[in-house]
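Here the structure comes first, spelled out in structure tokens, and everything after it is commentary.
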Amino acid sequence: MKKFKLLIALFLTLTVTISCKNDKSNTDMVVYQCPMQCEGNKTYTDAESCPVCKMDLKAIDQEPDKVLNNQEISDESIFNLTNNWKTEEGGAIQLEDLKGKTLVMVMIYTTCKAACPRLVADMRNIEAQVPKENLKDLQFVLVSIDPKNDTPERLKAFAEENLMDDEHWTFLQGTESGVREFANVLAVKYKQISPIDFSHSNIISVFNPQGELVHQQEGLGVDNNETVQAILELTNK
Amino acid sequence: MKKNKIFAGILVILVFMLNSCSDKEEKKQNSAEISVSQEMTAELTAPPNVPRPIGRRKAKKLIVDMEILEKEGTMTDGTTYVYWTFGGSVPGSFIRTRVGDEVEFTLSNHPDNKLPHNIDLHAVTGPGGGATSSFVAPGHEKTFSFKTLNPGLYVYHCATAPVGMHIANGMYGLILVEPEGGLPPVDKEYYVMQGDFYTKGENGEPGLQQFDMQKAVDEDADYVVFNGSVGSLTGDNAITANVGETVRLFVGNGGPNLVSSFHVIGEIFDNVYMEGGMKMNHDVQTTLVPAGGAAIVEFRVDVPGTFILVDHSIFRAFNKGALGMLKVTGDEAKTIYSGTKQEGIYLPEGGGIQTMPDDGKVKTETASTDKTLEEKMESGKQIYMNTCFACHQAEGQGIPKAFPPLAKSDYLNADVNRAIGIVLNGKTGEITVNGEVYNSVMTRQSLSADEVADVMTYIYNSWDNNKTNVTKAQVEQVKSGH
Amino acid sequence: MKTILRLIMSVLFTSYLTTAFCQSEMVPIKGSVYTPLYGRDSMQVTISDFEMDVYPVTNKEFLQFVKKYPKWQRSKVKRLFADNNYLINWKSDTELSSGQSLNAPVTNVSWFVANDYCKCLGKRLPTVDEWEYVAMADQDIADARTKASYNEYILSWYEKPKTFNNEIGSTFKNYWNVYDLHGLVWEWTSDFNSVLVSGESRKDVDTDTNLFCGSAAIGATDLMNYAAFMRYAIRGSLKAKYSMKNLGFRCVKDISE
């Protein structure tokens with residue numbers, strides 16, 4: 001047993017050396033899991049008790065799995081980002097959990113009155129041009145620029161209001177640093193100019209199932225033909 | 001001799017008339033439709049040389065690779081300056097194209113450079129003349145392409161903030177777009193470009209001189225020179241021709257501030273392509289080259305001697321360096337004439353402080369019955385611009401296939417209560433407006449009854465709608481009806 | 001059990017880290033309210049108290065970092081996080097070239113690595129506003145932006161070649177006791193991508209509400225601050241994976257009570 005512990009400790013030191021995500025001073029979100037793993041790997045965002053065995057949920061770090069999985073994705077993949085996100089359904093995910101589907105991503109915030117309704121409409125237009133049978137291989141992801149205000153509840157309400165509550169729509173709330181990092185990968189620029197208002201670039205990005213950037217369209221109400229073509233090429237494979 | 005000149009002039013005009021009898025609109029249309037067959041790499045030259053004429057070649061895909069270098073150079077004997085250059089020279093490399101060419105332009109920013117740069121080519125039809133697409137950080141490169149539509153001689157320059165400083169440090173040059181069939185052949189062609197420089201020390205002060213921002217803003221130039229430095233076209237650097245030859249000068253002015261009164265002492269320009277365009281003037285003594293503009297001048301040298309190129313704002317020539325020489329073998333000839341001083345302002349930098357449109361937007365809950373129609377219109381317009389504008393657009397025209405129009409809208413005018421209900425509760429599903437089917441989502445708007453009344457009144461009283469005056473009571477009625 | 005162990009290990013490791021790295025010295029910066037070149041709605045920005053590295057991160061410090069975190073070595077770095085210029089002048093993954101000084105600022109580093117470097121030390125990159133706030137000081141006063149000599153000094157830097165080879169501390173010590181904010185290298189900031197300058201300097205003065213939400217806030221407050229214009233221009237031209245010869249970084253830290 002002693003040896004075993006030592007081994008674990010060694011292994012952990014190794015993982016910590018590779019990534020310093022364990023540093024508790026950073027703002028990454030903590031997720032919780034039943035210590036008995038009654039529901040397999042299911043995680044929760046709050047420290048409640050397990051609905052099956054009623055044991056208190058324990059905070060976990062998903063890092064070890066990710067380190068192993070990293071070997072399968074390319075250098076260019078956005079799945080190299082290991083920040084934690086919350087979905088509009090309250091689930092906790094990392095970008096890699098979206099692996100395997102073609103991703104259409106855009107950054108918005110729900111209180112936005114000017115450009116975002118247009119961006120959302122652009123996303124819907126793109127969706128409308130994709131045949132129904134392709135939708136199962138496709139995930140439309142709307143990432144909030146405003147993680148402070150756009151809680152999962154708010155995002156859920158927004159999704160319902162905009163009739164974007166189907167399986168293939170996902171809304172994400174991250175941390176401020178996580179959102180900044182994500183924006184940097186997409187080359188999206190944004191700036192908070194008042195407590196509820198942001199300036200931001202209007203970019204819709206398409207990623208292949210391995211998380212590599214395939215196409216970007218910039219601007220509002222622009223011709224989305226190329227974007228749709230890129231999506232069709234990926235989902236018809 | 002004169003006869004000869006006149007004959008040459010008529011010939012040139014004839015050639016041009018043949019090329020350009022179709023009207024302007026049509027010509028532009030044609031340029032856009034010219035197809036390109038092959039690919040070739042553009043020949044780029046440092047001043048005072050220009051690349052070979054295009055002659056009768058067909059329109060091609062033309063590859064232009066230009067490198068930006070920030071480097072120290074000589075301003076005048078004993079004085080150096082750090083120039084920012086396109087292609088290592090001031091002015092930057094000369095680019096020669098023809099109408100219909102598809103130019104694939106790659107701008108690379110040397111890794112040792114400290115600043116990001118871009119290029120605005122006045123020959124480009126497109127936003128910023130390429131500036132936005134070519135904005136490039138040190139150690140990187142950007143490629144964009146454009147089609148040359150209009151013949152003429154155009155300036156290019158860097159447009160990165162602070163734009164004045166980038167130009168003042170030498171970031172400008174010329175791009176020539178020749179018409180179909182090329183410019184008429186001449187014996188000698190040269191590239192001359194004027195620029196003004198602002199240094200910490202006075203004119204002539206030795207050592208490495210720094211850029212002086214205040215002097216540049218005050219338009220108080222220390223150096224006004226041709227081709228980037230004092231003496232770049234004098235002595236051994238003079239341009240040359242033989243008696244009887246026709247000389248064509250591609251003259252540009254990078255500024256940043258001063259307008260050039262370009263003149264060649266002892267010559268009269270037989271032909272001037274005014275402002276670098278395709279309109280020709282004849283028998284001109286001094287031609288104006290605006291900052292950020294150009295001109296093509298042609299003259300036959302009949303008499304041997306040294307001909308002095310000047311900015312005829314004459315103190316610039318004799319005290320600040322705007323002086324060049326054209327040496328024609330033989331005896332000296334002199335004609336002196338005094339010019340008038342001209343000054344101009346180039347693109348001003350920046351604008352005023354802008355305020356947020358939302359500023360001071362106070363939600364007043366005063367009873368709308370007290371409001372006049374005028375007040376409601378005013379408040380309604382503000383609400384519209386904040387809440388509705390993005391989708392339904394400034395003139396209520398909507399966006400085809402996405403958001404229905406509010407202007408002259410049959411759907412809107414048919415039922416006021418339905419319209420109020422949509423603002424209060426949102427609307428999804430198919431509707432037909434003015435014969436077009438829309439299937440979009442409008443979310444519930446978080447506006448007070450008063451605000452809804454105002455904005456609806458504004459909409460109904462704009463853009464040919466039926467002028468309904470919506471009251472707060474009416475809105476509340478619809479609200480409670482649900 | 002596993003999680004507790006991990007927690008202990010990570011705590012131990014963090015403390016080990018902070019001692020193992022020859023931590024660069026930090027100085028306190030007293031927060032205040034000021035007007036940056038590109039502001040928010042009110043044009044005024046409030047800066048809270050924080051600590052800033054006295055010097056930019058050096059080659060020496062960065063060398064230790066990549067030895068500790070091999071994933072940031074040149075041959076191992078992921079292309080998503082750094083372009084081909086990443087540490088391009090180094091002799092190998094863990095060696096400098098002969099011409100490079102250990103005490104020169106590290107350059108040719110991407111935003112991602114700079115961000116991670118600070119994070120691993122329990123610090124963070126400064127925001128644009130924080131950086132500009134400290135950088136508007138000269139030797140004597142906290143806000144020297146209207147002084148002619150201050151502007152001249154910065155502008156003259158553009159005319160000095162290869163300053164990235166100079167050692168840290170070779171420029172002036174400013175009012176806050178911070179060195180090298182001007183005159184050595186550009187520095188990364190955490191939210192450099194909040195600069196919406198397109199590089200088309202004339203276009204940026206427009207109020208095009210179609211392009212950006214609340215773009216009205218895009219408008220400079222001081223048209224004579226050429227030095228700041230250039231800093232914002234360089235930020236606007238960057239992407240997070242870019243690595244440049246003239247671009248380094250330093251870290252800051254919130255003051256914890």
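Residues are named by chain letter and number: chains run A, B, ... in the order of the structure tokens, numbers start at 1 in each chain, and ligands are numbered from 1 in the order shown.
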
Determine, counting only C-alpha atoms, which protein, DNA and RNA residues have an atom within 9 Å of an atom of range 114-131 of chain B; residues of the same chain fewer than 4 positions away are not included. Present the result as a PyMOL selection string.
(chain B and resi 68+70+107+109-110+135-138+144-161+166+171-172+174-177+292-293) or (chain C and resi 158+161+185-186+198-203+230-231+233-238+245-247)

Within 8 Å of range 207-222 of chain B, counting only C-alpha atoms, which residues show up once you throw out same-chain ones fewer than 5 positions away? Write them as a PyMOL selection string, please.
(chain B and resi 78-82+165+168-169+196-202+257-258+320) or (chain C and resi 155-156+159)

Mind writing the picked residues with N, CA, C and O atoms as an mmCIF file, in the first residue's frame?
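Result file is out.cif:
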data_model
loop_
_atom_site.group_PDB
_atom_site.id
_atom_site.type_symbol
_atom_site.label_atom_id
_atom_site.label_comp_id
_atom_site.auth_asym_id
_atom_site.auth_seq_id
_atom_site.Cartn_x
_atom_site.Cartn_y
_atom_site.Cartn_z
ATOM 1 N N GLY B 78 26.400 64.203 -43.138
ATOM 2 C CA GLY B 78 26.589 64.330 -41.697
ATOM 3 C C GLY B 78 25.326 64.138 -40.879
ATOM 4 O O GLY B 78 25.376 64.062 -39.662
ATOM 5 N N THR B 79 24.189 64.070 -41.532
ATOM 6 C CA THR B 79 22.932 63.911 -40.800
ATOM 7 C C THR B 79 22.266 62.609 -41.212
ATOM 8 O O THR B 79 22.100 62.336 -42.400
ATOM 9 N N THR B 80 21.895 61.813 -40.218
ATOM 10 C CA THR B 80 21.197 60.568 -40.542
ATOM 11 C C THR B 80 19.809 60.558 -39.913
ATOM 12 O O THR B 80 19.496 61.368 -39.035
ATOM 13 N N TYR B 81 19.000 59.644 -40.373
ATOM 14 C CA TYR B 81 17.609 59.578 -39.947
ATOM 15 C C TYR B 81 17.157 58.125 -40.042
ATOM 16 O O TYR B 81 17.621 57.392 -40.916
ATOM 17 N N VAL B 82 16.273 57.700 -39.129
ATOM 18 C CA VAL B 82 15.751 56.339 -39.235
ATOM 19 C C VAL B 82 14.500 56.364 -40.111
ATOM 20 O O VAL B 82 13.460 56.893 -39.723
ATOM 21 N N MET B 165 2.934 60.095 -38.757
ATOM 22 C CA MET B 165 4.314 59.755 -38.432
ATOM 23 C C MET B 165 4.852 58.692 -39.390
ATOM 24 O O MET B 165 6.007 58.745 -39.811
ATOM 25 N N ALA B 168 5.568 60.520 -42.523
ATOM 26 C CA ALA B 168 6.682 61.443 -42.329
ATOM 27 C C ALA B 168 8.014 60.711 -42.291
ATOM 28 O O ALA B 168 9.054 61.279 -42.592
ATOM 29 N N ASN B 169 8.008 59.437 -41.922
ATOM 30 C CA ASN B 169 9.252 58.673 -41.884
ATOM 31 C C ASN B 169 9.567 57.983 -43.202
ATOM 32 O O ASN B 169 10.492 57.194 -43.289
ATOM 33 N N ASP B 196 8.267 65.664 -47.118
ATOM 34 C CA ASP B 196 8.764 66.621 -46.126
ATOM 35 C C ASP B 196 9.116 65.883 -44.838
ATOM 36 O O ASP B 196 8.441 64.938 -44.434
ATOM 37 N N PHE B 197 10.188 66.313 -44.187
ATOM 38 C CA PHE B 197 10.691 65.650 -42.981
ATOM 39 C C PHE B 197 10.821 66.635 -41.823
ATOM 40 O O PHE B 197 11.118 67.811 -42.026
ATOM 41 N N TYR B 198 10.612 66.127 -40.623
ATOM 42 C CA TYR B 198 10.586 66.953 -39.419
ATOM 43 C C TYR B 198 11.568 66.376 -38.413
ATOM 44 O O TYR B 198 11.376 65.261 -37.924
ATOM 45 N N THR B 199 12.626 67.085 -38.129
ATOM 46 C CA THR B 199 13.663 66.551 -37.250
ATOM 47 C C THR B 199 13.823 67.423 -36.010
ATOM 48 O O THR B 199 13.503 68.620 -36.020
ATOM 49 N N LYS B 200 14.343 66.771 -34.959
ATOM 50 C CA LYS B 200 14.565 67.467 -33.697
ATOM 51 C C LYS B 200 15.480 68.665 -33.912
ATOM 52 O O LYS B 200 15.179 69.781 -33.515
ATOM 53 N N GLY B 201 16.611 68.432 -34.589
ATOM 54 C CA GLY B 201 17.540 69.526 -34.862
ATOM 55 C C GLY B 201 17.123 70.301 -36.105
ATOM 56 O O GLY B 201 16.342 69.812 -36.916
ATOM 57 N N GLU B 202 17.649 71.502 -36.246
ATOM 58 C CA GLU B 202 17.343 72.301 -37.434
ATOM 59 C C GLU B 202 17.983 71.664 -38.657
ATOM 60 O O GLU B 202 18.829 70.780 -38.539
ATOM 61 N N ASN B 257 2.712 66.695 -45.307
ATOM 62 C CA ASN B 257 1.952 67.939 -45.205
ATOM 63 C C ASN B 257 1.928 68.793 -46.464
ATOM 64 O O ASN B 257 0.919 69.386 -46.801
ATOM 65 N N LEU B 258 3.064 68.877 -47.124
ATOM 66 C CA LEU B 258 3.219 69.942 -48.123
ATOM 67 C C LEU B 258 2.810 69.533 -49.531
ATOM 68 O O LEU B 258 3.013 68.394 -49.945
ATOM 69 N N LYS B 320 15.780 73.849 -48.172
ATOM 70 C CA LYS B 320 15.368 72.617 -47.490
ATOM 71 C C LYS B 320 15.640 71.359 -48.297
ATOM 72 O O LYS B 320 15.336 70.267 -47.835
ATOM 73 N N LEU C 155 9.440 58.013 -28.236
ATOM 74 C CA LEU C 155 9.516 58.031 -29.693
ATOM 75 C C LEU C 155 10.931 57.729 -30.173
ATOM 76 O O LEU C 155 11.125 57.093 -31.198
ATOM 77 N N SER C 156 11.907 58.186 -29.395
ATOM 78 C CA SER C 156 13.291 57.981 -29.837
ATOM 79 C C SER C 156 13.662 56.503 -29.808
ATOM 80 O O SER C 156 14.565 56.062 -30.499
ATOM 81 N N GLU C 159 13.908 54.537 -32.946
ATOM 82 C CA GLU C 159 15.059 54.776 -33.807
ATOM 83 C C GLU C 159 16.297 54.050 -33.320
ATOM 84 O O GLU C 159 17.339 54.128 -33.942
#

Just the residues within 9 Å of Met136 in chain C, please, counting only C-alpha atoms, with nothing from its chain fewer than 6 positions along; format it as number ranges by chain.
C: 142-145, 150

Closest atom pairs, residues of chain B within 12 Å of chain A, only C-alpha atoms, as JSON lines:
{"residue": "B:Thr355", "atom": "CA", "partner": "A:Ile193", "partner_atom": "CA", "distance": 11.5}
{"residue": "B:Met356", "atom": "CA", "partner": "A:Ile193", "partner_atom": "CA", "distance": 9.5}
{"residue": "B:Pro357", "atom": "CA", "partner": "A:Ala114", "partner_atom": "CA", "distance": 11.6}
{"residue": "B:Asp358", "atom": "CA", "partner": "A:Asp197", "partner_atom": "CA", "distance": 10.2}
{"residue": "B:Asp359", "atom": "CA", "partner": "A:Ser194", "partner_atom": "CA", "distance": 10.8}
{"residue": "B:Ile383", "atom": "CA", "partner": "A:Lys113", "partner_atom": "CA", "distance": 11.3}
{"residue": "B:Tyr384", "atom": "CA", "partner": "A:Lys113", "partner_atom": "CA", "distance": 11.0}
{"residue": "B:Met385", "atom": "CA", "partner": "A:Ala114", "partner_atom": "CA", "distance": 9.2}
{"residue": "B:Asn386", "atom": "CA", "partner": "A:Lys113", "partner_atom": "CA", "distance": 7.0}
{"residue": "B:Thr387", "atom": "CA", "partner": "A:Lys113", "partner_atom": "CA", "distance": 6.1}
{"residue": "B:Cys388", "atom": "CA", "partner": "A:Lys113", "partner_atom": "CA", "distance": 8.2}
{"residue": "B:Phe389", "atom": "CA", "partner": "A:Ala114", "partner_atom": "CA", "distance": 7.6}
{"residue": "B:Ala390", "atom": "CA", "partner": "A:Ala114", "partner_atom": "CA", "distance": 5.1}
{"residue": "B:Cys391", "atom": "CA", "partner": "A:Arg118", "partner_atom": "CA", "distance": 6.6}
{"residue": "B:His392", "atom": "CA", "partner": "A:Arg118", "partner_atom": "CA", "distance": 10.3}
{"residue": "B:Gln393", "atom": "CA", "partner": "A:Ala114", "partner_atom": "CA", "distance": 10.5}
{"residue": "B:Gly398", "atom": "CA", "partner": "A:Arg118", "partner_atom": "CA", "distance": 11.5}
{"residue": "B:Ile399", "atom": "CA", "partner": "A:Gly221", "partner_atom": "CA", "distance": 8.6}
{"residue": "B:Pro400", "atom": "CA", "partner": "A:Gly221", "partner_atom": "CA", "distance": 10.0}
{"residue": "B:Lys401", "atom": "CA", "partner": "A:Asn125", "partner_atom": "CA", "distance": 9.3}
{"residue": "B:Ala402", "atom": "CA", "partner": "A:Ala121", "partner_atom": "CA", "distance": 7.3}
{"residue": "B:Phe403", "atom": "CA", "partner": "A:Ala121", "partner_atom": "CA", "distance": 9.0}
{"residue": "B:Asn425", "atom": "CA", "partner": "A:Glu161", "partner_atom": "CA", "distance": 10.3}
{"residue": "B:Gly426", "atom": "CA", "partner": "A:Glu161", "partner_atom": "CA", "distance": 8.7}
{"residue": "B:Lys427", "atom": "CA", "partner": "A:Glu161", "partner_atom": "CA", "distance": 9.8}
{"residue": "B:Thr428", "atom": "CA", "partner": "A:Leu163", "partner_atom": "CA", "distance": 8.6}
{"residue": "B:Gly429", "atom": "CA", "partner": "A:Leu163", "partner_atom": "CA", "distance": 10.3}
{"residue": "B:Tyr438", "atom": "CA", "partner": "A:Asn125", "partner_atom": "CA", "distance": 11.9}
{"residue": "B:Asn439", "atom": "CA", "partner": "A:Asn125", "partner_atom": "CA", "distance": 10.2}
{"residue": "B:Ser440", "atom": "CA", "partner": "A:Ala121", "partner_atom": "CA", "distance": 8.0}
{"residue": "B:Val441", "atom": "CA", "partner": "A:Asn162", "partner_atom": "CA", "distance": 6.1}
{"residue": "B:Met442", "atom": "CA", "partner": "A:Asn162", "partner_atom": "CA", "distance": 7.5}
{"residue": "B:Thr443", "atom": "CA", "partner": "A:Glu161", "partner_atom": "CA", "distance": 5.9}
{"residue": "B:Arg444", "atom": "CA", "partner": "A:Glu161", "partner_atom": "CA", "distance": 7.9}
{"residue": "B:Gln445", "atom": "CA", "partner": "A:Lys113", "partner_atom": "CA", "distance": 10.3}
{"residue": "B:Ser446", "atom": "CA", "partner": "A:Thr111", "partner_atom": "CA", "distance": 10.8}

Using Å and a single decimal, report how far CA of Tyr273 in chain B sits from CA of Ser313 in chain B.
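Distance reported for this atom pair: 21.0 Å.
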
Could you go through range 86-220 of chain C and tell me which residues DSSP, when run on the backbone, assigns to helix (DSSP H, G or I), listing them as a PyMOL selection string?
chain C and resi 111-120+128-135+148-157+163-165+192-194+203-205+215-217

Mind writing the picked residues with N, CA and C atoms as a tab-separated table (two decimals), in the first residue's frame?
chain	number	residue	atom	x	y	z
C	111	TRP	N	1.55	34.89	-26.43
C	111	TRP	CA	0.70	35.29	-25.31
C	111	TRP	C	0.40	34.08	-24.42
C	112	PHE	N	0.16	32.94	-25.06
C	112	PHE	CA	-0.23	31.76	-24.28
C	112	PHE	C	0.85	31.37	-23.27
C	113	VAL	N	2.10	31.42	-23.72
C	113	VAL	CA	3.16	31.01	-22.81
C	113	VAL	C	3.38	32.08	-21.74
C	114	ALA	N	3.27	33.34	-22.14
C	114	ALA	CA	3.43	34.42	-21.17
C	114	ALA	C	2.36	34.30	-20.09
C	115	ASN	N	1.15	34.02	-20.54
C	115	ASN	CA	0.02	33.88	-19.64
C	115	ASN	C	0.26	32.72	-18.66
C	116	ASP	N	0.73	31.61	-19.21
C	116	ASP	CA	0.96	30.42	-18.39
C	116	ASP	C	2.13	30.63	-17.42
C	117	TYR	N	3.16	31.31	-17.90
C	117	TYR	CA	4.33	31.59	-17.07
C	117	TYR	C	3.89	32.32	-15.80
C	118	CYS	N	3.13	33.39	-15.98
C	118	CYS	CA	2.70	34.17	-14.83
C	118	CYS	C	1.82	33.33	-13.90
C	119	LYS	N	0.92	32.57	-14.52
C	119	LYS	CA	-0.01	31.76	-13.76
C	119	LYS	C	0.75	30.75	-12.88
C	120	CYS	N	1.78	30.17	-13.45
C	120	CYS	CA	2.54	29.17	-12.71
C	120	CYS	C	3.28	29.77	-11.53
C	128	VAL	N	-4.23	45.81	-20.13
C	128	VAL	CA	-3.76	46.96	-20.90
C	128	VAL	C	-3.82	48.22	-20.02
C	129	ASP	N	-4.94	48.36	-19.32
C	129	ASP	CA	-5.12	49.56	-18.51
C	129	ASP	C	-4.09	49.65	-17.39
C	130	GLU	N	-3.79	48.50	-16.75
C	130	GLU	CA	-2.80	48.51	-15.67
C	130	GLU	C	-1.42	48.85	-16.22
C	131	TRP	N	-1.09	48.23	-17.35
C	131	TRP	CA	0.23	48.46	-17.94
C	131	TRP	C	0.39	49.93	-18.31
C	132	GLU	N	-0.62	50.46	-18.97
C	132	GLU	CA	-0.56	51.86	-19.40
C	132	GLU	C	-0.49	52.81	-18.21
C	133	TYR	N	-1.17	52.40	-17.13
C	133	TYR	CA	-1.21	53.24	-15.93
C	133	TYR	C	0.20	53.39	-15.34
C	134	VAL	N	0.91	52.28	-15.24
C	134	VAL	CA	2.26	52.33	-14.69
C	134	VAL	C	3.21	53.01	-15.68
C	135	ALA	N	2.94	52.77	-16.97
C	135	ALA	CA	3.86	53.25	-18.00
C	135	ALA	C	3.73	54.73	-18.29
C	148	ALA	N	6.88	66.98	-22.64
C	148	ALA	CA	7.50	66.78	-23.94
C	148	ALA	C	8.62	65.75	-23.86
C	149	SER	N	9.39	65.80	-22.78
C	149	SER	CA	10.55	64.92	-22.68
C	149	SER	C	10.13	63.44	-22.60
C	150	TYR	N	8.99	63.20	-21.98
C	150	TYR	CA	8.49	61.83	-21.84
C	150	TYR	C	8.17	61.23	-23.21
C	151	ASN	N	7.41	61.99	-23.98
C	151	ASN	CA	7.05	61.53	-25.33
C	151	ASN	C	8.27	61.35	-26.21
C	152	GLU	N	9.19	62.30	-26.10
C	152	GLU	CA	10.39	62.24	-26.92
C	152	GLU	C	11.19	61.00	-26.63
C	153	TYR	N	11.31	60.69	-25.34
C	153	TYR	CA	12.09	59.52	-24.96
C	153	TYR	C	11.53	58.27	-25.61
C	154	ILE	N	10.21	58.14	-25.55
C	154	ILE	CA	9.61	56.92	-26.08
C	154	ILE	C	9.73	56.88	-27.60
C	155	LEU	N	9.44	58.01	-28.24
C	155	LEU	CA	9.52	58.03	-29.69
C	155	LEU	C	10.93	57.73	-30.17
C	156	SER	N	11.91	58.19	-29.39
C	156	SER	CA	13.29	57.98	-29.84
C	156	SER	C	13.66	56.50	-29.81
C	157	TRP	N	12.92	55.73	-29.01
C	157	TRP	CA	13.21	54.30	-28.93
C	157	TRP	C	13.06	53.62	-30.29
C	163	THR	N	17.18	46.87	-29.62
C	163	THR	CA	17.17	47.09	-28.18
C	163	THR	C	16.79	45.83	-27.41
C	164	PHE	N	16.25	44.83	-28.14
C	164	PHE	CA	15.87	43.60	-27.44
C	164	PHE	C	17.09	42.85	-26.93
C	165	ASN	N	18.29	43.20	-27.42
C	165	ASN	CA	19.51	42.57	-26.92
C	165	ASN	C	20.05	43.24	-25.66
C	192	PHE	N	-4.81	42.13	-24.44
C	192	PHE	CA	-4.37	42.88	-25.62
C	192	PHE	C	-5.41	42.80	-26.72
C	193	ASN	N	-6.19	41.74	-26.74
C	193	ASN	CA	-7.18	41.60	-27.82
C	193	ASN	C	-8.44	42.41	-27.54
C	194	SER	N	-8.37	43.29	-26.53
C	194	SER	CA	-9.49	44.23	-26.35
C	194	SER	C	-9.27	45.47	-27.21
C	203	LYS	N	-9.96	54.79	-40.35
C	203	LYS	CA	-11.26	54.16	-40.21
C	203	LYS	C	-11.66	54.09	-38.75
C	204	ASP	N	-10.67	53.98	-37.88
C	204	ASP	CA	-10.97	53.76	-36.48
C	204	ASP	C	-11.63	54.93	-35.80
C	205	VAL	N	-11.71	56.06	-36.48
C	205	VAL	CA	-12.36	57.19	-35.84
C	205	VAL	C	-13.85	57.21	-36.16
C	215	SER	N	-19.61	50.54	-30.21
C	215	SER	CA	-18.33	50.99	-30.75
C	215	SER	C	-18.10	52.46	-30.49
C	216	ALA	N	-19.10	53.13	-29.98
C	216	ALA	CA	-18.94	54.55	-29.71
C	216	ALA	C	-17.78	54.80	-28.77
C	217	ALA	N	-17.45	53.79	-27.99
C	217	ALA	CA	-16.37	54.00	-27.04
C	217	ALA	C	-15.02	53.99	-27.72

For CA of Glu187 in chain C and CA of Thr107 in chain C, determine how far apart the two atoms are, in Å to one decimal place.
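Atom-to-atom, CA of Glu187 in chain C to CA of Thr107 in chain C, that is 9.1 Å.
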